[in-house]
>>> print(open('target35.cif').read())   # mmCIF, C-alpha atoms
data_run
#
loop_
_atom_site.label_atom_id
_atom_site.label_comp_id
_atom_site.auth_asym_id
_atom_site.auth_seq_id
_atom_site.Cartn_x
_atom_site.Cartn_y
_atom_site.Cartn_z
CA MET H 1 0.00 0.00 0.00
CA SER H 2 1.72 3.15 -1.12
CA ALA H 3 1.01 6.54 0.40
CA GLU H 4 0.16 7.92 -3.04
CA GLU H 5 -2.43 5.21 -3.79
CA THR H 6 -4.05 5.73 -0.41
CA VAL H 7 -4.22 9.51 -0.73
CA VAL H 8 -5.69 9.31 -4.24
CA ALA H 9 -8.38 6.88 -3.02
CA TRP H 10 -9.15 9.07 -0.02
CA GLU H 11 -9.40 12.25 -2.10
CA ARG H 12 -11.92 10.59 -4.40
CA PHE H 13 -13.97 9.41 -1.45
CA GLU H 14 -13.80 12.76 0.36
CA THR H 15 -14.95 14.63 -2.75
CA GLU H 16 -18.02 12.40 -2.97
CA LEU H 17 -18.61 12.62 0.79
CA ALA H 18 -18.67 16.42 0.72
CA ARG H 19 -21.15 16.34 -2.17
CA VAL H 20 -23.50 13.70 -0.76
CA ALA H 21 -23.29 14.18 3.02
CA PRO H 22 -22.00 17.58 4.14
CA LEU H 23 -22.61 16.89 7.83
CA SER H 24 -20.53 13.72 7.68
CA HIS H 25 -17.81 15.64 5.86
CA SER H 26 -17.84 18.37 8.50
CA MET H 27 -17.02 15.83 11.21
CA LEU H 28 -13.50 15.28 9.87
CA ARG H 29 -10.89 16.60 12.27
CA PRO H 30 -7.92 18.81 11.28
CA PRO H 31 -4.66 17.10 10.26
CA ALA H 32 -2.50 15.34 12.82
CA SER H 33 1.06 16.60 13.16
CA GLU H 34 4.13 14.45 12.58
CA GLU H 35 4.83 14.81 16.30
CA LYS H 36 1.40 13.52 17.25
CA ILE H 37 1.73 10.55 14.91
CA ALA H 38 5.17 9.77 16.37
CA ALA H 39 3.70 9.92 19.88
CA ALA H 40 0.95 7.48 18.88
CA GLU H 41 3.53 5.16 17.33
CA GLY H 42 5.42 5.23 20.62
CA GLU H 43 2.28 4.36 22.58
CA LEU H 44 1.38 1.56 20.17
CA GLY H 45 4.93 0.25 19.86
CA MET H 46 4.90 0.15 16.07
CA ALA H 47 5.39 2.43 13.08
CA PHE H 48 2.44 3.40 10.93
CA PRO H 49 2.49 2.09 7.35
CA ALA H 50 3.04 4.86 4.82
CA GLY H 51 -0.55 5.00 3.60
CA LEU H 52 -2.05 5.26 7.07
CA ARG H 53 0.44 7.95 8.04
CA ALA H 54 -0.55 9.91 4.91
CA LEU H 55 -4.22 9.75 5.91
CA TYR H 56 -3.57 11.08 9.42
CA LEU H 57 -1.58 13.94 7.94
CA ARG H 58 -4.83 14.87 6.18
CA HIS H 59 -7.26 14.33 9.05
CA ASP H 60 -6.91 13.08 12.61
CA GLY H 61 -10.00 10.93 12.28
CA VAL H 62 -13.43 12.34 13.09
CA HIS H 63 -15.07 14.23 15.92
CA GLU H 64 -17.27 11.76 17.74
CA ALA H 65 -16.94 11.21 21.46
CA GLU H 66 -18.73 14.34 22.66
CA HIS H 67 -21.87 13.48 20.71
CA PHE H 68 -22.52 10.15 22.43
CA ALA H 69 -21.84 10.71 26.12
CA ASP H 70 -24.63 10.85 28.72
CA TYR H 71 -27.49 10.93 26.24
CA PRO H 72 -30.96 9.72 27.36
CA TYR H 73 -31.36 6.71 25.08
CA ASP H 74 -35.02 6.28 26.03
CA VAL H 75 -35.79 9.36 23.93
CA PRO H 76 -37.26 8.33 20.54
CA PRO H 77 -35.10 9.07 17.50
CA ASP H 78 -35.70 12.50 16.01
CA PRO H 79 -33.83 13.33 12.76
CA ALA H 80 -33.90 17.03 13.64
CA ASP H 81 -32.28 16.50 17.05
CA PRO H 82 -28.55 17.30 16.96
CA PHE H 83 -27.64 14.06 18.74
CA TRP H 84 -29.39 11.87 16.20
CA ARG H 85 -28.11 13.92 13.26
CA TYR H 86 -24.53 13.42 14.42
CA GLN H 87 -25.03 9.79 15.35
CA ASN H 88 -26.35 9.11 11.86
CA ALA H 89 -23.46 10.99 10.27
CA VAL H 90 -20.34 9.88 12.13
CA CYS H 91 -20.07 6.29 10.83
CA PHE H 92 -19.80 7.27 7.17
CA LEU H 93 -17.31 4.65 5.99
CA PRO H 94 -18.37 1.20 4.72
CA GLY H 95 -19.13 -1.16 7.55
CA ASN H 96 -20.83 1.84 9.18
CA SER H 97 -17.52 2.72 10.76
CA ALA H 98 -16.05 5.95 12.10
CA TRP H 99 -12.42 6.90 11.49
CA LEU H 100 -10.70 6.90 14.87
CA SER H 101 -8.59 9.84 15.99
CA LEU H 102 -5.04 8.95 17.04
CA GLY H 103 -5.99 9.32 20.68
CA ARG H 104 -8.94 6.95 20.33
CA ALA H 105 -6.83 4.48 18.36
CA VAL H 106 -4.36 4.33 21.23
CA GLU H 107 -7.22 3.90 23.72
CA LEU H 108 -8.66 0.93 21.82
CA ALA H 109 -5.34 -0.80 21.07
CA GLU H 110 -5.33 -2.84 24.28
CA GLN H 111 -8.91 -3.99 23.70
CA VAL H 112 -8.08 -5.14 20.16
CA ALA H 113 -4.85 -6.83 21.28
CA MET H 114 -6.82 -8.91 23.80
CA TYR H 115 -8.56 -10.69 20.91
CA ALA H 116 -5.30 -11.94 19.37
CA ASP H 117 -4.37 -15.62 19.53
CA ALA H 118 -1.02 -16.61 20.93
CA ASP H 119 0.32 -17.44 17.46
CA ASP H 120 -0.94 -14.23 15.79
CA GLU H 121 1.58 -11.77 14.47
CA PRO H 122 1.77 -8.78 16.84
CA GLY H 123 1.00 -5.23 15.77
CA ARG H 124 -2.45 -3.93 14.88
CA ILE H 125 -3.53 -0.29 14.79
CA PRO H 126 -7.24 0.31 15.47
CA PHE H 127 -8.38 2.43 12.52
CA LEU H 128 -12.17 2.30 12.21
CA SER H 129 -14.82 1.54 14.82
CA GLN H 130 -18.56 1.30 15.15
CA VAL H 131 -18.52 4.01 17.80
CA THR H 132 -22.30 4.11 18.16
CA ASP H 133 -22.15 0.45 19.23
CA SER H 134 -19.62 0.99 22.04
CA ASP H 135 -16.65 0.09 19.82
CA MET H 136 -17.64 -3.58 19.93
CA SER H 137 -16.45 -4.04 16.35
CA GLY H 138 -14.18 -2.29 13.92
CA MET H 139 -11.22 -2.55 11.58
CA TRP H 140 -7.48 -2.52 12.24
CA VAL H 141 -4.42 -2.01 10.06
CA ASP H 142 -1.18 -3.97 10.35
CA ALA H 143 2.38 -2.82 9.70
CA GLU H 144 2.06 -3.69 5.99
CA GLY H 145 -1.14 -1.70 5.52
CA ALA H 146 -3.44 -4.72 5.34
CA MET H 147 -6.82 -4.39 7.05
CA GLY H 148 -8.69 -6.76 9.31
CA THR H 149 -11.65 -6.78 11.66
CA TRP H 150 -12.36 -7.22 15.34
CA THR H 151 -15.80 -8.22 16.62
CA ASP H 152 -17.65 -8.56 19.91
CA ALA H 153 -17.12 -12.31 19.53
CA GLY H 154 -13.48 -11.64 20.36
CA THR H 155 -12.01 -12.54 17.00
CA LEU H 156 -9.46 -10.90 14.72
CA ASP H 157 -9.82 -11.70 11.04
CA PRO H 158 -8.11 -10.41 7.88
CA ALA H 159 -10.35 -8.33 5.62
CA GLY H 160 -8.50 -9.25 2.44
CA CYS H 161 -7.78 -5.67 1.42
CA SER H 162 -5.39 -2.80 2.01
CA VAL H 163 -6.47 0.62 3.24
CA ALA H 164 -6.07 1.96 -0.30
CA GLU H 165 -8.26 -0.80 -1.73
CA TYR H 166 -10.91 -0.28 0.96
CA LEU H 167 -11.09 3.47 0.28
CA ALA H 168 -11.03 3.03 -3.50
CA ASP H 169 -13.97 0.64 -3.27
CA ALA H 170 -15.83 3.07 -1.01
CA ALA H 171 -15.23 5.95 -3.42
CA ARG H 172 -16.40 3.88 -6.40
CA ALA H 173 -19.54 2.69 -4.60
CA LEU H 174 -20.46 6.20 -3.47
CA ALA H 175 -19.81 7.81 -6.87
CA THR H 176 -21.74 5.15 -8.80
CA ARG H 177 -24.44 4.52 -6.15
CA THR H 178 -23.67 0.83 -6.23
CA ALA H 179 -22.72 -1.82 -3.71
CA CYS H 180 -19.36 -2.12 -2.01
CA GLN H 181 -17.35 -5.21 -2.80
CA VAL H 182 -15.12 -5.14 0.28
CA THR H 183 -18.07 -5.06 2.69
CA ASP H 184 -20.23 -7.54 0.78
CA GLY H 185 -23.10 -5.62 -0.70
CA GLU H 186 -23.49 -2.49 1.40
CA THR H 187 -24.87 0.47 -0.54
CA PRO H 188 -24.72 4.18 0.37
CA TYR H 189 -27.77 5.81 2.01
CA ARG H 190 -28.46 9.35 3.17
CA SER H 191 -29.53 9.75 6.78
CA PRO H 192 -33.07 10.90 7.68
CA SER H 193 -31.87 14.50 8.01
CA GLY H 194 -30.42 14.28 4.48
CA ASP H 195 -26.88 15.35 5.37
CA GLY H 196 -25.27 12.21 6.82
CA LEU H 197 -23.96 9.07 5.12
CA GLY H 198 -24.49 5.45 6.14
CA TRP H 199 -24.31 2.05 4.50
CA VAL H 200 -27.12 -0.51 4.23
CA ASP H 201 -26.91 -4.18 3.28
CA ALA H 202 -28.79 -4.30 -0.01
CA ASP H 203 -29.00 -8.10 0.20
CA ALA H 204 -31.06 -7.94 3.41
CA PRO H 205 -34.59 -6.77 2.50
CA ASP H 206 -35.67 -6.49 6.14
CA VAL H 207 -32.70 -4.24 6.93
CA VAL H 208 -33.41 -2.06 3.89
CA GLU H 209 -37.08 -1.79 4.82
CA ALA H 210 -36.26 -0.82 8.40
CA HIS H 211 -33.97 1.96 7.20
CA LEU H 212 -36.57 3.23 4.74
CA GLN H 213 -39.18 3.35 7.49
CA ASP H 214 -36.76 5.36 9.63
CA GLY H 215 -36.33 7.89 6.83
CA TRP H 216 -33.07 6.76 5.21
CA ARG H 217 -32.91 7.08 1.43
CA ALA H 218 -30.58 5.56 -1.14
CA VAL H 219 -28.00 8.01 -2.49
#
>>> encode(input="target35.cif", output="structure tokens")
Amino acid sequence: MSAEETVVAWERFETELARVAPLSHSMLRPPASEEKIAAAEGELGMAFPAGLRALYLRHDGVHEAEHFADYPYDVPPDPADPFWRYQNAVCFLPGNSAWLSLGRAVELAEQVAMYADADDEPGRIPFLSQVTDSDMSGMWVDAEGAMGTWTDAGTLDPAGCSVAEYLADAARALATRTACQVTDGETPYRSPSGDGLGWVDADAPDVVEAHLQDGWRAV
């Protein structure tokens, strides 16, 4: 995974994101500094692959934590409510995942490492997480730039793609309004407020119907 390939894929995705879901796009944080990346590498005990480093020099993940703390979850969803608007906008990458800031990646590293088997190669950087589901699943990146998943079942599995390939597939799916290949059939949907991006499994009619009833619409 080269830095150039990753940046090109990200730029294509970000262009589409800004067009389709401006609220999701607005949640991107400012760039991380080289010093902050080096500090995260020290905490994690491994160097970032070139492509991942290039992404963090563009954005330090997304703003997310402040929107999900101490909220009364017994309140019915309201697309106009700021909490629900942000919740529906933050997980805008395929797999309904949010891009972790460096600080959050360091926080989750120990949790992800706990899922490794004794014979697994060490070294995984938490990269994406389903933050609205208490970080119970997400995607990591290894030292070579290959991606994999962690789940609440306590497993670590390869995803069969690099970060560049994942982002390129996401950009293609969003631009063409078609299904992702990396995440097995997810298609892009606008949130009920019309300014957030999410992904819905097009091969699961009940899931599609539930989203439509909640006000989601295909891009």
>>> residues_around(input="target35.cif", residues="Cys161 of chain H", least_positions_apart="3", cutoff="12 Å", atoms="only C-alpha atoms", output="list in words")
Met1, Met139, Trp140, Val141, Asp142, Glu144, Gly145, Ala146, Met147, Gly148, Thr149, Asp157, Pro158, Ala164, Glu165, Tyr166, Leu167, Ala168, Asp169, Gln181, Val182 and Thr183 of chain H
>>> closest_residue(input="target35.cif", among="H:Arg104, H:Arg190, H:Arg85, H:Arg53", to="Thr6 of chain H", atoms="all atoms listed in the file")
H:Arg53
>>> atom_distance(input="target35.cif", atom1="atom CA of Ala39 of chain H", atom2="atom CA of Ser26 of chain H")
25.8 Å
>>> closest_residue(input="target35.cif", among="H:Val207, H:Ala50, H:Glu110, H:Trp199", to="Thr178 of chain H", atoms="all atoms listed in the file")
H:Trp199
>>> residues_around(input="target35.cif", residues="Asp133 of chain H", least_positions_apart="6", cutoff="12 Å", atoms="only C-alpha atoms", output="list in words")
Phe68, Gln87, Val90, Cys91, Asn96, Ser97, Ala98, Thr151 and Asp152 of chain H
>>> atom_distance(input="target35.cif", atom1="atom CA of Ala143 of chain H", atom2="atom CA of Pro49 of chain H")
5.4 Å
>>> residues_around(input="target35.cif", residues="Val208 of chain H", least_positions_apart="4", cutoff="12 Å", atoms="only C-alpha atoms", output="list of chain:residue names")
H:Gly185, H:Glu186, H:Thr187, H:Pro188, H:Tyr189, H:Gly198, H:Trp199, H:Val200, H:Asp201, H:Ala202, H:Asp203, H:Ala204, H:Leu212, H:Gln213, H:Asp214, H:Gly215, H:Trp216, H:Arg217, H:Ala218
>>> residues_around(input="target35.cif", residues="Gly196 of chain H", least_positions_apart="2", cutoff="7 Å", atoms="all atoms listed in the file", output="PyMOL selection string")
chain H and resi 21-24+88-89+190-191+194+198
>>> closest_residue(input="target35.cif", among="H:Gly103, H:Gly42, H:Gly95, H:Gly160", to="Asp60 of chain H", atoms="all atoms listed in the file")
H:Gly103
>>> decode(input="target35.cif", residues="segment 165-178 of chain H", atoms="all heavy atoms", output="short mmCIF file (atom, residue, chain, number, x, y, z; two decimals), in the first residue's frame")
data_model
loop_
_atom_site.label_atom_id
_atom_site.label_comp_id
_atom_site.auth_asym_id
_atom_site.auth_seq_id
_atom_site.Cartn_x
_atom_site.Cartn_y
_atom_site.Cartn_z
N GLU H 165 -7.22 -0.05 -1.04
CA GLU H 165 -8.26 -0.80 -1.73
C GLU H 165 -9.62 -0.57 -1.09
O GLU H 165 -10.64 -0.43 -1.79
CB GLU H 165 -7.91 -2.28 -1.74
CG GLU H 165 -6.72 -2.61 -2.63
CD GLU H 165 -6.14 -3.99 -2.38
OE1 GLU H 165 -6.38 -4.58 -1.29
OE2 GLU H 165 -5.43 -4.50 -3.28
N TYR H 166 -9.66 -0.54 0.23
CA TYR H 166 -10.91 -0.28 0.96
C TYR H 166 -11.47 1.09 0.58
O TYR H 166 -12.66 1.23 0.27
CB TYR H 166 -10.63 -0.37 2.45
CG TYR H 166 -11.75 0.12 3.35
CD1 TYR H 166 -12.78 -0.72 3.75
CD2 TYR H 166 -11.75 1.43 3.81
CE1 TYR H 166 -13.80 -0.27 4.58
CE2 TYR H 166 -12.76 1.89 4.65
CZ TYR H 166 -13.78 1.04 5.03
OH TYR H 166 -14.78 1.49 5.86
N LEU H 167 -10.63 2.12 0.59
CA LEU H 167 -11.09 3.47 0.28
C LEU H 167 -11.46 3.62 -1.19
O LEU H 167 -12.42 4.32 -1.53
CB LEU H 167 -10.01 4.48 0.65
CG LEU H 167 -9.73 4.64 2.14
CD1 LEU H 167 -8.55 5.57 2.36
CD2 LEU H 167 -10.96 5.16 2.89
N ALA H 168 -10.71 2.97 -2.07
CA ALA H 168 -11.03 3.03 -3.50
C ALA H 168 -12.39 2.40 -3.77
O ALA H 168 -13.18 2.91 -4.57
CB ALA H 168 -9.94 2.34 -4.31
N ASP H 169 -12.67 1.29 -3.11
CA ASP H 169 -13.97 0.64 -3.27
C ASP H 169 -15.08 1.52 -2.72
O ASP H 169 -16.16 1.64 -3.33
CB ASP H 169 -13.96 -0.72 -2.56
CG ASP H 169 -15.22 -1.52 -2.80
OD1 ASP H 169 -15.67 -1.59 -3.95
OD2 ASP H 169 -15.77 -2.06 -1.81
N ALA H 170 -14.84 2.17 -1.59
CA ALA H 170 -15.83 3.07 -1.01
C ALA H 170 -16.12 4.24 -1.93
O ALA H 170 -17.27 4.63 -2.14
CB ALA H 170 -15.36 3.57 0.35
N ALA H 171 -15.06 4.82 -2.51
CA ALA H 171 -15.23 5.95 -3.42
C ALA H 171 -16.02 5.54 -4.66
O ALA H 171 -16.91 6.27 -5.13
CB ALA H 171 -13.87 6.51 -3.82
N ARG H 172 -15.69 4.37 -5.21
CA ARG H 172 -16.40 3.88 -6.40
C ARG H 172 -17.87 3.66 -6.09
O ARG H 172 -18.76 4.09 -6.85
CB ARG H 172 -15.77 2.57 -6.87
CG ARG H 172 -16.48 1.93 -8.06
CD ARG H 172 -16.18 0.43 -8.14
NE ARG H 172 -16.47 -0.26 -6.91
CZ ARG H 172 -17.70 -0.58 -6.51
NH1 ARG H 172 -18.76 -0.25 -7.24
NH2 ARG H 172 -17.88 -1.22 -5.37
N ALA H 173 -18.16 3.00 -4.96
CA ALA H 173 -19.54 2.69 -4.60
C ALA H 173 -20.35 3.97 -4.38
O ALA H 173 -21.51 4.07 -4.80
CB ALA H 173 -19.57 1.83 -3.34
N LEU H 174 -19.75 4.96 -3.74
CA LEU H 174 -20.46 6.20 -3.47
C LEU H 174 -20.69 7.00 -4.76
O LEU H 174 -21.78 7.55 -4.98
CB LEU H 174 -19.68 7.03 -2.46
CG LEU H 174 -20.34 8.30 -1.92
CD1 LEU H 174 -21.73 8.01 -1.39
CD2 LEU H 174 -19.47 8.92 -0.84
N ALA H 175 -19.69 7.04 -5.63
CA ALA H 175 -19.81 7.81 -6.87
C ALA H 175 -20.81 7.18 -7.83
O ALA H 175 -21.52 7.89 -8.55
CB ALA H 175 -18.45 7.93 -7.54
N THR H 176 -20.88 5.85 -7.84
CA THR H 176 -21.74 5.15 -8.80
C THR H 176 -23.05 4.69 -8.19
O THR H 176 -23.88 4.10 -8.87
CB THR H 176 -21.01 3.93 -9.38
OG1 THR H 176 -20.66 3.03 -8.31
CG2 THR H 176 -19.74 4.36 -10.11
N ARG H 177 -23.22 4.91 -6.87
CA ARG H 177 -24.44 4.52 -6.15
C ARG H 177 -24.67 3.02 -6.25
O ARG H 177 -25.80 2.55 -6.43
CB ARG H 177 -25.65 5.29 -6.67
CG ARG H 177 -25.49 6.78 -6.69
CD ARG H 177 -26.69 7.46 -7.30
NE ARG H 177 -26.46 8.89 -7.48
CZ ARG H 177 -27.35 9.73 -7.99
NH1 ARG H 177 -28.52 9.29 -8.40
NH2 ARG H 177 -27.07 11.01 -8.11
N THR H 178 -23.59 2.28 -6.14
CA THR H 178 -23.67 0.83 -6.23
C THR H 178 -23.09 0.21 -4.96
O THR H 178 -22.63 0.90 -4.06
CB THR H 178 -22.90 0.32 -7.46
OG1 THR H 178 -21.55 0.82 -7.40
CG2 THR H 178 -23.55 0.80 -8.74
#
